[in-house]
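S.K.: Data: final-v3.cif, mmCIF, C-alpha atoms and all ligand atoms.
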```cif
data_final
loop_
_atom_site.label_atom_id
_atom_site.label_comp_id
_atom_site.auth_asym_id
_atom_site.auth_seq_id
_atom_site.Cartn_x
_atom_site.Cartn_y
_atom_site.Cartn_z
CA MET U 46 4.51 17.73 14.08
CA ALA U 47 4.61 13.94 13.95
CA SER U 48 4.87 13.79 17.70
CA THR U 49 1.35 12.62 18.46
CA PHE U 50 1.49 9.09 19.68
CA GLU U 51 -1.44 6.79 19.03
CA PHE U 52 -1.88 3.07 19.38
CA GLN U 53 -3.01 0.67 16.69
CA GLN U 54 -6.52 -0.74 16.92
CA THR U 55 -8.39 -3.80 15.75
CA VAL U 56 -12.02 -4.81 16.04
CA GLY U 57 -13.13 -6.15 19.41
CA LYS U 58 -14.91 -9.23 18.06
CA THR U 59 -16.10 -10.83 14.86
CA ALA U 60 -19.14 -9.26 13.23
CA SER U 61 -20.87 -10.02 9.96
CA LEU U 62 -23.06 -8.50 7.33
CA SER U 63 -24.76 -9.80 4.21
CA GLY U 64 -26.08 -8.22 1.05
CA THR U 65 -25.83 -8.15 -2.70
CA SER U 66 -22.79 -7.87 -4.90
CA LEU U 67 -22.96 -4.96 -7.33
CA HIS U 68 -21.35 -6.61 -10.34
CA THR U 69 -22.78 -10.14 -10.17
CA GLY U 70 -26.00 -9.40 -8.33
CA GLU U 71 -25.39 -12.43 -6.12
CA LYS U 72 -25.74 -12.71 -2.37
CA VAL U 73 -22.54 -12.13 -0.41
CA SER U 74 -21.73 -12.24 3.26
CA LEU U 75 -18.84 -10.36 4.82
CA LYS U 76 -17.22 -10.99 8.16
CA LEU U 77 -14.92 -8.62 10.01
CA LEU U 78 -12.35 -10.35 12.23
CA PRO U 79 -9.73 -9.05 14.68
CA ALA U 80 -6.06 -9.20 13.59
CA PRO U 81 -2.71 -8.72 15.37
CA VAL U 82 -0.54 -5.56 15.34
CA ASP U 83 1.14 -4.56 12.06
CA HIS U 84 -1.18 -6.92 10.18
CA GLY U 85 -2.98 -4.17 8.31
CA ILE U 86 -6.22 -4.86 6.47
CA LYS U 87 -6.42 -8.09 4.50
CA PHE U 88 -9.27 -9.50 2.44
CA LYS U 89 -9.95 -13.23 2.53
CA ARG U 90 -11.86 -15.12 -0.18
CA LYS U 91 -13.66 -17.94 1.65
CA ASP U 92 -15.32 -19.06 -1.57
CA LEU U 93 -12.04 -20.01 -3.28
CA GLN U 94 -9.91 -23.07 -2.84
CA ASP U 95 -7.25 -22.57 -0.12
CA GLU U 96 -9.12 -19.41 0.97
CA PRO U 97 -6.44 -16.96 -0.21
CA THR U 98 -5.87 -13.64 1.56
CA ILE U 99 -4.65 -10.42 0.02
CA ASP U 100 -3.21 -7.28 1.56
CA ALA U 101 -5.25 -4.15 1.01
CA ARG U 102 -2.12 -2.44 -0.28
CA ILE U 103 -1.48 -0.26 -3.29
CA ASP U 104 1.04 -2.81 -4.68
CA ASN U 105 -1.91 -5.14 -5.19
CA LEU U 106 -4.04 -2.62 -7.07
CA LYS U 107 -5.34 -4.03 -10.33
CA THR U 108 -8.00 -1.77 -11.83
CA VAL U 109 -9.64 1.55 -11.06
CA GLU U 110 -12.57 1.64 -13.48
CA ARG U 111 -15.63 2.83 -11.52
CA ALA U 112 -14.40 0.97 -8.43
CA THR U 113 -11.10 -0.04 -6.87
CA THR U 114 -10.02 -3.63 -7.47
CA ILE U 115 -7.10 -5.39 -5.86
CA GLY U 116 -5.77 -8.77 -6.85
CA GLU U 117 -2.96 -11.24 -6.93
CA GLY U 118 -2.49 -13.90 -9.61
CA PRO U 119 -5.97 -14.70 -10.90
CA MET U 120 -7.68 -13.73 -7.62
CA ARG U 121 -9.58 -10.43 -7.46
CA VAL U 122 -11.41 -8.41 -4.82
CA HIS U 123 -13.56 -5.69 -6.38
CA THR U 124 -15.00 -2.49 -4.93
CA VAL U 125 -12.84 -2.39 -1.79
CA GLU U 126 -13.05 1.38 -1.29
CA HIS U 127 -16.18 1.74 0.86
CA VAL U 128 -15.27 -0.87 3.43
CA LEU U 129 -11.67 0.43 3.51
CA ALA U 130 -12.88 4.01 3.99
CA ALA U 131 -14.99 2.97 6.99
CA LEU U 132 -12.18 0.90 8.54
CA SER U 133 -9.60 3.65 8.06
CA ALA U 134 -11.74 6.57 9.20
CA MET U 135 -13.25 4.72 12.17
CA GLY U 136 -9.73 3.88 13.34
CA VAL U 137 -9.33 0.17 12.54
CA ASP U 138 -5.68 -0.48 11.64
CA ASN U 139 -5.70 -4.28 11.67
CA ALA U 140 -8.50 -6.59 10.52
CA ILE U 141 -9.42 -9.45 8.23
CA VAL U 142 -12.32 -8.85 5.87
CA GLU U 143 -13.61 -12.29 5.03
CA MET U 144 -16.02 -12.74 2.12
CA ASP U 145 -17.67 -15.55 0.16
CA ALA U 146 -17.65 -13.62 -3.12
CA ASN U 147 -15.35 -11.38 -5.14
CA GLU U 148 -16.68 -8.13 -3.71
CA PRO U 149 -18.27 -6.77 -0.54
CA PRO U 150 -22.03 -6.22 -0.41
CA ILE U 151 -22.89 -2.89 -2.01
CA GLY U 152 -25.55 -2.06 0.62
CA ASP U 153 -27.17 1.28 -0.11
CA GLY U 154 -24.06 2.49 -1.97
CA SER U 155 -22.70 4.28 1.09
CA ALA U 156 -20.29 3.29 3.87
CA GLN U 157 -23.05 3.33 6.48
CA PRO U 158 -23.44 -0.49 6.68
CA TYR U 159 -19.69 -0.80 7.36
CA VAL U 160 -19.73 1.86 10.05
CA ASP U 161 -22.61 -0.03 11.71
CA LEU U 162 -20.65 -3.27 11.38
CA ILE U 163 -17.51 -1.78 12.95
CA LYS U 164 -19.56 -0.37 15.82
CA LYS U 165 -21.16 -3.78 16.31
CA ALA U 166 -17.69 -5.39 16.43
CA GLY U 167 -16.33 -2.77 18.83
CA MET U 168 -12.71 -1.67 19.05
CA THR U 169 -9.63 -2.99 20.84
CA VAL U 170 -6.55 -0.87 21.46
CA GLN U 171 -3.32 -2.74 20.71
CA GLU U 172 0.17 -2.40 22.13
CA GLU U 173 2.07 -1.03 19.11
CA PRO U 174 2.10 2.59 17.95
CA ARG U 175 0.31 3.57 14.77
CA LYS U 176 2.28 4.28 11.62
CA PHE U 177 1.82 7.66 10.02
CA PHE U 178 2.82 9.27 6.78
CA ASP U 179 3.64 12.92 7.42
CA VAL U 180 3.52 15.03 4.31
CA ARG U 181 6.79 17.01 4.21
CA GLU U 182 6.47 18.83 0.93
CA PRO U 183 3.66 19.23 -1.61
CA MET U 184 2.90 16.18 -3.74
CA TYR U 185 0.48 16.30 -6.64
CA VAL U 186 -1.30 14.23 -9.26
CA GLU U 187 -2.81 15.80 -12.35
CA SER U 188 -4.67 14.48 -15.37
CA LYS U 189 -5.67 15.83 -18.78
CA THR U 190 -9.33 15.50 -17.80
CA GLY U 191 -9.05 18.23 -15.17
CA VAL U 192 -8.37 16.06 -12.14
CA LEU U 193 -5.98 17.63 -9.66
CA LEU U 194 -4.92 16.28 -6.28
CA VAL U 195 -2.48 18.31 -4.18
CA LEU U 196 -1.28 16.95 -0.87
CA LEU U 197 0.14 19.57 1.50
CA PRO U 198 1.76 19.34 4.93
CA ASP U 199 -0.70 19.50 7.84
CA GLU U 200 -0.82 18.23 11.39
CA LYS U 201 -4.20 16.62 10.76
CA PHE U 202 -5.71 14.63 7.92
CA ARG U 203 -7.88 17.09 6.01
CA ILE U 204 -9.65 16.89 2.68
CA SER U 205 -10.92 19.86 0.70
CA CYS U 206 -12.77 18.51 -2.30
CA THR U 207 -14.46 19.99 -5.35
CA GLN U 208 -16.73 17.68 -7.31
CA ALA U 209 -18.17 18.59 -10.71
CA GLY U 210 -20.23 16.43 -13.06
CA PRO U 211 -20.32 16.57 -16.89
CA ASN U 212 -20.47 20.20 -18.07
CA ASN U 213 -19.81 21.19 -14.46
CA ARG U 214 -23.33 20.16 -13.43
CA PHE U 215 -23.74 19.66 -9.67
CA THR U 216 -20.49 21.38 -8.72
CA GLN U 217 -20.06 20.97 -4.96
CA TYR U 218 -17.32 21.81 -2.47
CA LEU U 219 -16.61 20.57 1.03
CA SER U 220 -13.62 20.91 3.35
CA MET U 221 -13.24 18.84 6.50
CA GLU U 222 -10.90 17.23 8.95
CA VAL U 223 -11.20 13.44 8.71
CA THR U 224 -12.01 12.12 12.19
CA ALA U 225 -14.08 9.10 13.16
CA ALA U 226 -16.92 11.31 14.41
CA ALA U 227 -16.95 13.54 11.32
CA PHE U 228 -16.80 10.52 9.02
CA GLU U 229 -19.69 8.80 10.72
CA ARG U 230 -21.86 11.90 10.71
CA GLU U 231 -20.91 13.67 7.48
CA ILE U 232 -19.43 11.15 5.06
CA ALA U 233 -20.47 7.54 5.71
CA PRO U 234 -24.15 8.03 4.74
CA ALA U 235 -23.27 9.62 1.36
CA ARG U 236 -24.25 7.22 -1.42
CA THR U 237 -22.65 6.29 -4.72
CA PHE U 238 -23.92 8.42 -7.58
CA VAL U 239 -23.68 7.98 -11.30
CA PHE U 240 -24.39 10.18 -14.26
CA TYR U 241 -26.80 8.45 -16.61
CA GLU U 242 -24.59 8.99 -19.67
CA ASP U 243 -21.75 7.14 -17.89
CA VAL U 244 -23.72 4.02 -16.90
CA GLN U 245 -26.01 3.63 -19.91
CA PRO U 246 -23.44 1.60 -21.90
CA LEU U 247 -22.78 -0.64 -18.88
CA MET U 248 -26.46 -1.28 -18.35
CA GLU U 249 -26.77 -2.24 -22.00
CA LYS U 250 -23.86 -4.68 -21.65
CA ASN U 251 -25.44 -6.01 -18.45
CA LEU U 252 -22.22 -5.26 -16.52
CA ILE U 253 -23.88 -3.99 -13.36
CA LYS U 254 -26.38 -6.69 -12.51
CA GLY U 255 -26.75 -5.72 -8.87
CA GLY U 256 -27.03 -2.01 -9.69
CA SER U 257 -30.30 -0.24 -9.05
CA LEU U 258 -31.75 2.82 -7.40
CA GLU U 259 -31.39 0.81 -4.17
CA ASN U 260 -27.64 1.29 -4.16
CA ALA U 261 -26.89 4.34 -6.26
CA ILE U 262 -28.23 7.76 -7.09
CA VAL U 263 -28.68 8.24 -10.82
CA VAL U 264 -28.41 11.73 -12.27
CA ARG U 265 -30.13 12.22 -15.61
CA GLY U 266 -29.85 15.74 -16.95
CA GLU U 267 -30.87 17.93 -14.03
CA ALA U 268 -32.98 15.19 -12.45
CA VAL U 269 -31.76 13.27 -9.42
CA LEU U 270 -33.27 9.77 -9.29
CA SER U 271 -32.96 7.83 -6.06
CA LYS U 272 -34.95 5.55 -3.81
CA GLU U 273 -34.96 8.06 -0.99
CA PRO U 274 -34.35 11.82 -1.15
CA LEU U 275 -30.80 13.16 -1.04
CA ARG U 276 -29.30 12.71 2.42
CA PHE U 277 -27.29 15.93 2.05
CA ALA U 278 -27.68 18.76 -0.44
CA ASP U 279 -24.03 18.12 -1.33
CA GLU U 280 -24.14 14.31 -1.09
CA PHE U 281 -22.00 13.87 -4.23
CA VAL U 282 -18.90 15.66 -2.95
CA ARG U 283 -19.27 13.78 0.34
CA HIS U 284 -19.22 10.48 -1.49
CA LYS U 285 -16.12 11.62 -3.40
CA ILE U 286 -14.41 12.25 -0.05
CA LEU U 287 -15.51 8.77 1.07
CA ASP U 288 -13.88 7.23 -2.01
CA ILE U 289 -10.67 9.23 -1.45
CA ILE U 290 -10.40 7.99 2.14
CA GLY U 291 -10.95 4.40 0.97
CA ASP U 292 -8.44 4.58 -1.87
CA LEU U 293 -5.77 6.29 0.25
CA ALA U 294 -6.20 3.60 2.90
CA LEU U 295 -4.23 1.42 0.46
CA VAL U 296 -1.12 3.35 1.58
CA GLY U 297 -1.23 1.31 4.80
CA ARG U 298 -0.36 4.30 6.97
CA ARG U 299 -2.42 7.13 8.38
CA ILE U 300 -1.81 10.32 6.47
CA ARG U 301 -1.10 13.61 8.17
CA GLY U 302 -1.61 16.16 5.45
CA HIS U 303 -4.17 18.32 3.70
CA LEU U 304 -5.48 16.94 0.42
CA VAL U 305 -6.93 19.49 -1.97
CA ALA U 306 -8.85 17.50 -4.57
CA VAL U 307 -10.53 18.75 -7.73
CA LYS U 308 -12.76 16.26 -9.57
CA PRO U 309 -11.10 13.26 -7.92
CA GLY U 310 -11.56 9.71 -9.18
CA HIS U 311 -10.25 6.25 -8.38
CA ALA U 312 -7.44 6.46 -10.95
CA ALA U 313 -5.99 9.70 -9.59
CA ASN U 314 -6.54 8.62 -5.97
CA ALA U 315 -4.59 5.43 -6.71
CA ASP U 316 -1.79 7.40 -8.39
CA LEU U 317 -1.47 9.53 -5.28
CA ALA U 318 -1.53 6.46 -3.01
CA ARG U 319 1.24 4.96 -5.13
CA ALA U 320 3.33 8.16 -4.90
CA ILE U 321 2.91 8.24 -1.11
CA ALA U 322 3.89 4.57 -0.77
CA ARG U 323 6.97 5.14 -2.94
CA GLU U 324 8.01 8.15 -0.86
CA GLN U 325 7.46 6.17 2.35
CA THR U 326 9.65 3.27 1.19
CA GLN U 327 12.44 5.69 0.31
CA ARG U 328 12.12 7.39 3.69
CA SER U 329 12.25 4.06 5.53
CA ALA U 330 15.46 3.18 3.73
CA MET U 331 16.95 6.58 4.55
CA SER U 332 15.99 6.57 8.20
CA ALA U 333 17.80 3.33 8.95
CA PRO U 334 20.99 3.71 11.02
CA ARG U 335 23.91 5.37 9.26
CA ALA U 336 26.61 4.64 11.81
CA ILE U 337 27.96 1.16 12.32
CA PRO U 338 27.32 0.16 15.91
CA ILE U 339 29.69 -2.16 17.75
CA GLY U 340 28.50 -5.30 19.47
CA ASP U 341 24.87 -5.01 18.46
CA SER U 342 22.27 -7.44 17.22
CA GLY U 343 23.78 -7.53 13.74
CA LEU U 344 26.28 -9.96 12.24
CA ASP U 345 30.01 -9.46 11.81
CA THR U 346 31.95 -10.64 8.75
CA ARG U 347 32.66 -14.04 10.27
CA GLU U 348 28.97 -14.63 10.97
CA VAL U 349 28.00 -13.36 7.51
CA MET U 350 30.38 -15.90 5.96
CA LYS U 351 28.75 -18.68 7.94
CA ILE U 352 25.49 -17.90 6.15
CA LEU U 353 26.69 -16.86 2.70
CA PRO U 354 28.83 -19.18 0.62
CA HIS U 355 30.33 -16.19 -1.25
CA ARG U 356 34.01 -15.27 -0.75
CA TYR U 357 36.37 -12.54 -1.89
CA PRO U 358 36.11 -11.03 -4.43
CA PHE U 359 32.42 -11.89 -4.61
CA LEU U 360 31.32 -11.34 -1.02
CA MET U 361 29.42 -8.03 -1.19
CA VAL U 362 28.49 -7.74 2.51
CA ASP U 363 30.98 -6.59 5.16
CA ARG U 364 28.58 -6.69 8.03
CA VAL U 365 24.88 -6.79 8.93
CA ILE U 366 24.07 -3.74 11.02
CA GLY U 367 20.77 -5.05 12.24
CA PHE U 368 17.37 -6.53 11.65
CA GLU U 369 14.07 -4.80 12.15
CA GLY U 370 11.48 -7.39 13.06
CA GLU U 371 11.31 -10.41 10.78
CA ASN U 372 11.08 -8.50 7.54
CA LYS U 373 13.88 -5.93 7.37
CA ILE U 374 17.63 -5.97 7.29
CA THR U 375 20.35 -3.34 6.90
CA ALA U 376 23.89 -4.28 5.94
CA VAL U 377 26.98 -2.39 4.94
CA LYS U 378 29.69 -2.75 2.32
CA SER U 379 32.69 -0.44 2.04
CA ILE U 380 33.88 0.01 -1.49
CA THR U 381 37.63 0.48 -1.85
CA ILE U 382 39.82 1.06 -4.88
CA ASN U 383 41.11 -2.49 -4.30
CA GLU U 384 37.87 -4.06 -5.57
CA PRO U 385 38.97 -6.13 -8.58
CA PHE U 386 36.20 -4.81 -10.83
CA PHE U 387 37.68 -1.31 -10.76
CA GLN U 388 40.63 -2.53 -12.84
CA GLY U 389 38.47 -2.79 -15.89
CA HIS U 390 35.37 -0.72 -14.99
CA PHE U 391 36.86 1.63 -16.12
CA PRO U 392 40.60 2.12 -16.46
CA GLY U 393 41.35 5.59 -15.08
CA HIS U 394 37.69 6.13 -14.20
CA PRO U 395 36.60 3.69 -11.47
CA VAL U 396 32.80 3.30 -11.16
CA MET U 397 31.17 0.38 -9.38
CA PRO U 398 29.21 -1.78 -11.85
CA GLY U 399 25.46 -1.68 -11.26
CA VAL U 400 25.20 -5.46 -11.41
CA MET U 401 27.54 -5.69 -8.41
CA GLN U 402 25.06 -3.54 -6.47
CA VAL U 403 22.28 -5.93 -7.48
CA GLU U 404 24.50 -8.78 -6.30
CA ALA U 405 24.98 -6.96 -2.96
CA MET U 406 21.20 -6.57 -2.62
CA ALA U 407 20.70 -10.26 -3.43
CA GLN U 408 23.23 -11.34 -0.81
CA VAL U 409 21.72 -9.14 1.88
CA ALA U 410 18.21 -10.31 0.98
CA SER U 411 19.31 -13.93 1.20
CA ILE U 412 20.64 -13.37 4.74
CA LEU U 413 17.17 -12.08 5.62
CA LEU U 414 15.54 -15.12 4.01
CA PHE U 415 17.94 -17.41 5.81
CA LYS U 416 16.84 -15.88 9.10
CA LEU U 417 13.21 -16.25 8.03
CA THR U 418 13.29 -19.91 7.02
CA LYS U 419 15.34 -20.72 10.14
CA THR U 420 16.87 -23.68 8.39
CA SER U 421 20.03 -24.34 6.53
CA SER U 422 18.60 -27.32 4.64
CA ARG U 423 16.70 -25.05 2.25
CA VAL U 424 18.50 -22.38 0.33
CA GLY U 425 17.11 -19.31 -1.45
CA TYR U 426 17.89 -18.99 -5.14
CA PHE U 427 17.84 -15.62 -6.82
CA MET U 428 15.11 -15.86 -9.46
CA SER U 429 14.46 -12.44 -10.91
CA ALA U 430 15.14 -8.72 -10.56
CA ASP U 431 12.44 -6.23 -11.45
CA GLN U 432 12.20 -2.46 -11.38
CA VAL U 433 15.98 -2.19 -11.09
CA LYS U 434 17.12 1.42 -11.20
CA PHE U 435 20.60 2.86 -10.93
CA ARG U 436 20.26 6.42 -9.73
CA LYS U 437 23.79 7.56 -8.88
CA PRO U 438 27.32 6.27 -9.53
CA VAL U 439 29.24 4.60 -6.70
CA PHE U 440 32.94 5.41 -6.41
CA PRO U 441 35.91 4.02 -4.45
CA GLY U 442 35.68 5.24 -0.85
CA ASP U 443 31.89 5.05 -0.74
CA THR U 444 30.16 3.08 1.99
CA ILE U 445 26.99 1.41 0.75
CA PHE U 446 24.15 0.80 3.17
CA ILE U 447 22.10 -2.04 1.76
CA HIS U 448 18.49 -2.35 2.85
CA ALA U 449 16.21 -5.26 2.08
CA GLU U 450 12.60 -5.67 3.06
CA LEU U 451 10.50 -8.78 2.59
CA THR U 452 7.39 -7.67 0.73
CA ARG U 453 5.79 -11.00 -0.02
CA ALA U 454 6.28 -14.63 0.93
CA ARG U 455 4.48 -17.79 -0.07
CA GLY U 456 5.21 -20.31 2.62
CA ASN U 457 8.60 -21.84 2.11
CA ARG U 458 8.43 -21.57 -1.68
CA MET U 459 8.83 -18.01 -2.84
CA ALA U 460 9.79 -14.62 -1.47
CA LYS U 461 9.88 -11.12 -2.87
CA THR U 462 12.07 -8.35 -1.46
CA LYS U 463 12.42 -4.63 -2.07
CA CYS U 464 16.04 -3.54 -1.85
CA TYR U 465 17.89 -0.25 -1.76
CA CYS U 466 21.54 0.74 -1.84
CA VAL U 467 22.15 4.06 -0.09
CA VAL U 468 25.33 6.17 -0.15
CA ASN U 469 25.58 9.47 1.74
CA ASP U 470 21.83 9.56 2.39
CA ALA U 471 20.95 9.14 -1.28
CA VAL U 472 19.48 6.08 -2.94
CA VAL U 473 22.06 4.98 -5.53
CA SER U 474 20.21 1.88 -6.73
CA GLU U 475 17.09 -0.12 -6.03
CA GLY U 476 15.27 -3.21 -7.20
CA GLU U 477 12.70 -5.89 -6.45
CA LEU U 478 14.35 -9.25 -6.11
CA MET U 479 12.50 -12.54 -6.16
CA PHE U 480 13.79 -15.77 -4.64
CA THR U 481 12.69 -19.37 -4.69
CA PHE U 482 13.61 -21.94 -2.07
CA LEU U 483 15.12 -25.27 -2.89
CA ASP U 484 16.44 -28.11 -0.79
CA LYS U 485 20.20 -28.05 -0.64
ZN ZN S 501 -17.73 5.04 -3.99
#
```
Translate the structure described by the file into structure tokens.
Ligand SMILES: [Zn+2]

M.R.:
Amino acid sequence: MASTFEFQQTVGKTASLSGTSLHTGEKVSLKLLPAPVDHGIKFKRKDLQDEPTIDARIDNLKTVERATTIGEGPMRVHTVEHVLAALSAMGVDNAIVEMDANEPPIGDGSAQPYVDLIKKAGMTVQEEPRKFFDVREPMYVESKTGVLLVLLPDEKFRISCTQAGPNNRFTQYLSMEVTAAAFEREIAPARTFVFYEDVQPLMEKNLIKGGSLENAIVVRGEAVLSKEPLRFADEFVRHKILDIIGDLALVGRRIRGHLVAVKPGHAANADLARAIAREQTQRSAMSAPRAIPIGDSGLDTREVMKILPHRYPFLMVDRVIGFEGENKITAVKSITINEPFFQGHFPGHPVMPGVMQVEAMAQVASILLFKLTKTSSRVGYFMSADQVKFRKPVFPGDTIFIHAELTRARGNRMAKTKCYCVVNDAVVSEGELMFTFLDK
């Protein structure tokens, strides 16, 4: 398992598509552009000032009501799941999705227009290997409304889905391996469907202006209302699989596992995507080198002290073991009984204070930022710490491996990092640290 080697792909050339936005009913055009390796999928709002881009990543998820919305600050991109499903299943790892509105065109409510667009753009194989998430042990998401998603180890990406409407009307089941060919043939044409009782209040509030039988199947009682006949007898479960693929694309890695889904929905899909992303971040921290290499690309104490102004007893980095690309760093700090804080924390029972671990993370992250800004005239100031968790105590004799990863940067102004302290292969503390840059 996990041995299959595949290369990343992007689209061969720019291709565009226009249509109507579901929520505003306005005309929208969407352009698919090639992007470099490890870029992932990003949406770009051409209609806004400065044309902001946003990563199609689960960290940016905002809402999951009826459709999947990502956002950052006040900017939103609604209904990303159909275009993401097509990109992911057709094998596009890196691309920019440029739009002049806050959501992609709804088309006929299926992913067919996006499959056509991707085929029009063609595909280019890139030089870096693809990133996978291999399911190692069962993961699950459950809700009080009867939603259950169980993700099991498998060499392929499979989905076995059961869809059931209100009072279990239109219960359908389908199991498949998700490949580009199967997606194009079996899943992409499946259209959005709604149960009348669910959309009636929205129609009254005029919340779905672009919605019509052109872009959704409406089920009223036992009657199926649509512009053209059903494309598959089990079109509903197929569309549910489409939505799952799109929502799980927010993980940013290809999943190797078997998803058993009962009555899935955007909220549960997003919860699972979040759980996968969390597990992946932990794994990345754990798989970093454990031994301290000699004479490598890291930094020794002397070099660390050239970058950091901190000195004993406040220097919390012994050595930088190495960098991984521009965005990751691993450093090490050996904790001895001679650390001054052990005298009082606590007498006769030495435990390393959690805040000192946060300080260690901040120092390691600032070395990474120093490398990033490539200048010593601007200096990063520690602004905030979020999601800080202390999971295990650290004792004298422990060696802490400190990992920091840059998760967001706004030019030379602001940077966000995710940091972990690891002792004996276990995460002892973690946090999200934010920095701002100021001139020295
Ligand atoms: Zn959908």

S.K.: Distance limit 12 Å, reference ligand ZN 501 (chain S), atoms considered: only C-alpha atoms and all ligand atoms. Which residues make the cut? Give them as a PyMOL selection string.

M.R.: chain U and resi 67+109-113+123-131+151-157+232-239+260-262+280-292+309-311+314

S.K.: Rank U:Leu219, U:Val296, U:Phe391, U:Val264 by their smallest atom-to-atom distance to Asn105 in chain U, using only C-alpha atoms, and report the top residue only.

M.R.: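 When distances to Asn105 in chain U are compared using only C-alpha atoms, the smallest one comes from U:Val296.
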
S.K.: Of the candidates U:Gln327, U:Phe359, U:Glu148, U:Val409, which shows the shortest atom-to-atom distance to Gly64 in chain U, using only C-alpha atoms?

M.R.: U:Glu148

S.K.: What does the distance between CA of Ile141 in chain U and CA of Ala410 in chain U come to in Å, to one decimal place?

M.R.: 28.6 Å

S.K.: Mind checking which residues fall within 8 Å of Ala407 in chain U, counting only C-alpha atoms, ignoring those fewer than 3 positions away in the same chain, and posting them as an MDAnalysis selection string?

M.R.: chainID U and resid 403:404 410:411 427 478

S.K.: Which residue out of U:Val269, U:Ala227, U:Met350, U:Val439 has the minimum interatomic distance to Ile382 in chain U when only C-alpha atoms are used?

M.R.: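 So, comparing all the options, the nearest one is U:Val439.
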
S.K.: Residues near Phe202 in chain U, anyone? I mean within 9 Å using only C-alpha atoms, not counting same-chain ones fewer than 4 positions away, as an MDAnalysis selection string.

M.R.: chainID U and resid 221:224 299:304

S.K.: Find the spatial neighbours of Thr346 in chain U, counting all atoms listed in the file, within a cut-off of 9 Å - ignore same-chain residues fewer than 3 positions away - and output them as a ChimeraX atom specification.

M.R.: /U:349-351,362-365

S.K.: Contacts of Val263 in chain U at 10 Å or less, counting all atoms listed in the file, minus same-chain residues fewer than 3 places along, as a ChimeraX atom specification?

M.R.: /U:237-244,257-258,260,266,268-272

S.K.: For the selection you just gave me, I'd like the residues written to a file as an mmCIF file, in the coordinates of the input, keeping C-alpha atoms.

M.R.:
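Wrote out_37.cif, looks like this:
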```cif
data_model
loop_
_atom_site.group_PDB
_atom_site.id
_atom_site.type_symbol
_atom_site.label_atom_id
_atom_site.label_comp_id
_atom_site.auth_asym_id
_atom_site.auth_seq_id
_atom_site.Cartn_x
_atom_site.Cartn_y
_atom_site.Cartn_z
ATOM 1 C CA THR U 237 -22.650 6.290 -4.720
ATOM 2 C CA PHE U 238 -23.920 8.420 -7.580
ATOM 3 C CA VAL U 239 -23.680 7.980 -11.300
ATOM 4 C CA PHE U 240 -24.390 10.180 -14.260
ATOM 5 C CA TYR U 241 -26.800 8.450 -16.610
ATOM 6 C CA GLU U 242 -24.590 8.990 -19.670
ATOM 7 C CA ASP U 243 -21.750 7.140 -17.890
ATOM 8 C CA VAL U 244 -23.720 4.020 -16.900
ATOM 9 C CA SER U 257 -30.300 -0.240 -9.050
ATOM 10 C CA LEU U 258 -31.750 2.820 -7.400
ATOM 11 C CA ASN U 260 -27.640 1.290 -4.160
ATOM 12 C CA GLY U 266 -29.850 15.740 -16.950
ATOM 13 C CA ALA U 268 -32.980 15.190 -12.450
ATOM 14 C CA VAL U 269 -31.760 13.270 -9.420
ATOM 15 C CA LEU U 270 -33.270 9.770 -9.290
ATOM 16 C CA SER U 271 -32.960 7.830 -6.060
ATOM 17 C CA LYS U 272 -34.950 5.550 -3.810
#
```

S.K.: Would you please work out which residue, of U:Ile163, U:Ala134, U:Val473, U:Ile115, is nearest to Glu231 in chain U when using only C-alpha atoms?

M.R.: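 Checking each candidate against Glu231 in chain U, we get U:Ala134 as the closest.
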
S.K.: What does the distance from CA of Ser133 in chain U to CA of Ser74 in chain U come to in Å, to one decimal?

M.R.: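 Atom-to-atom, CA of Ser133 in chain U and CA of Ser74 in chain U are spaced 20.6 Å apart.
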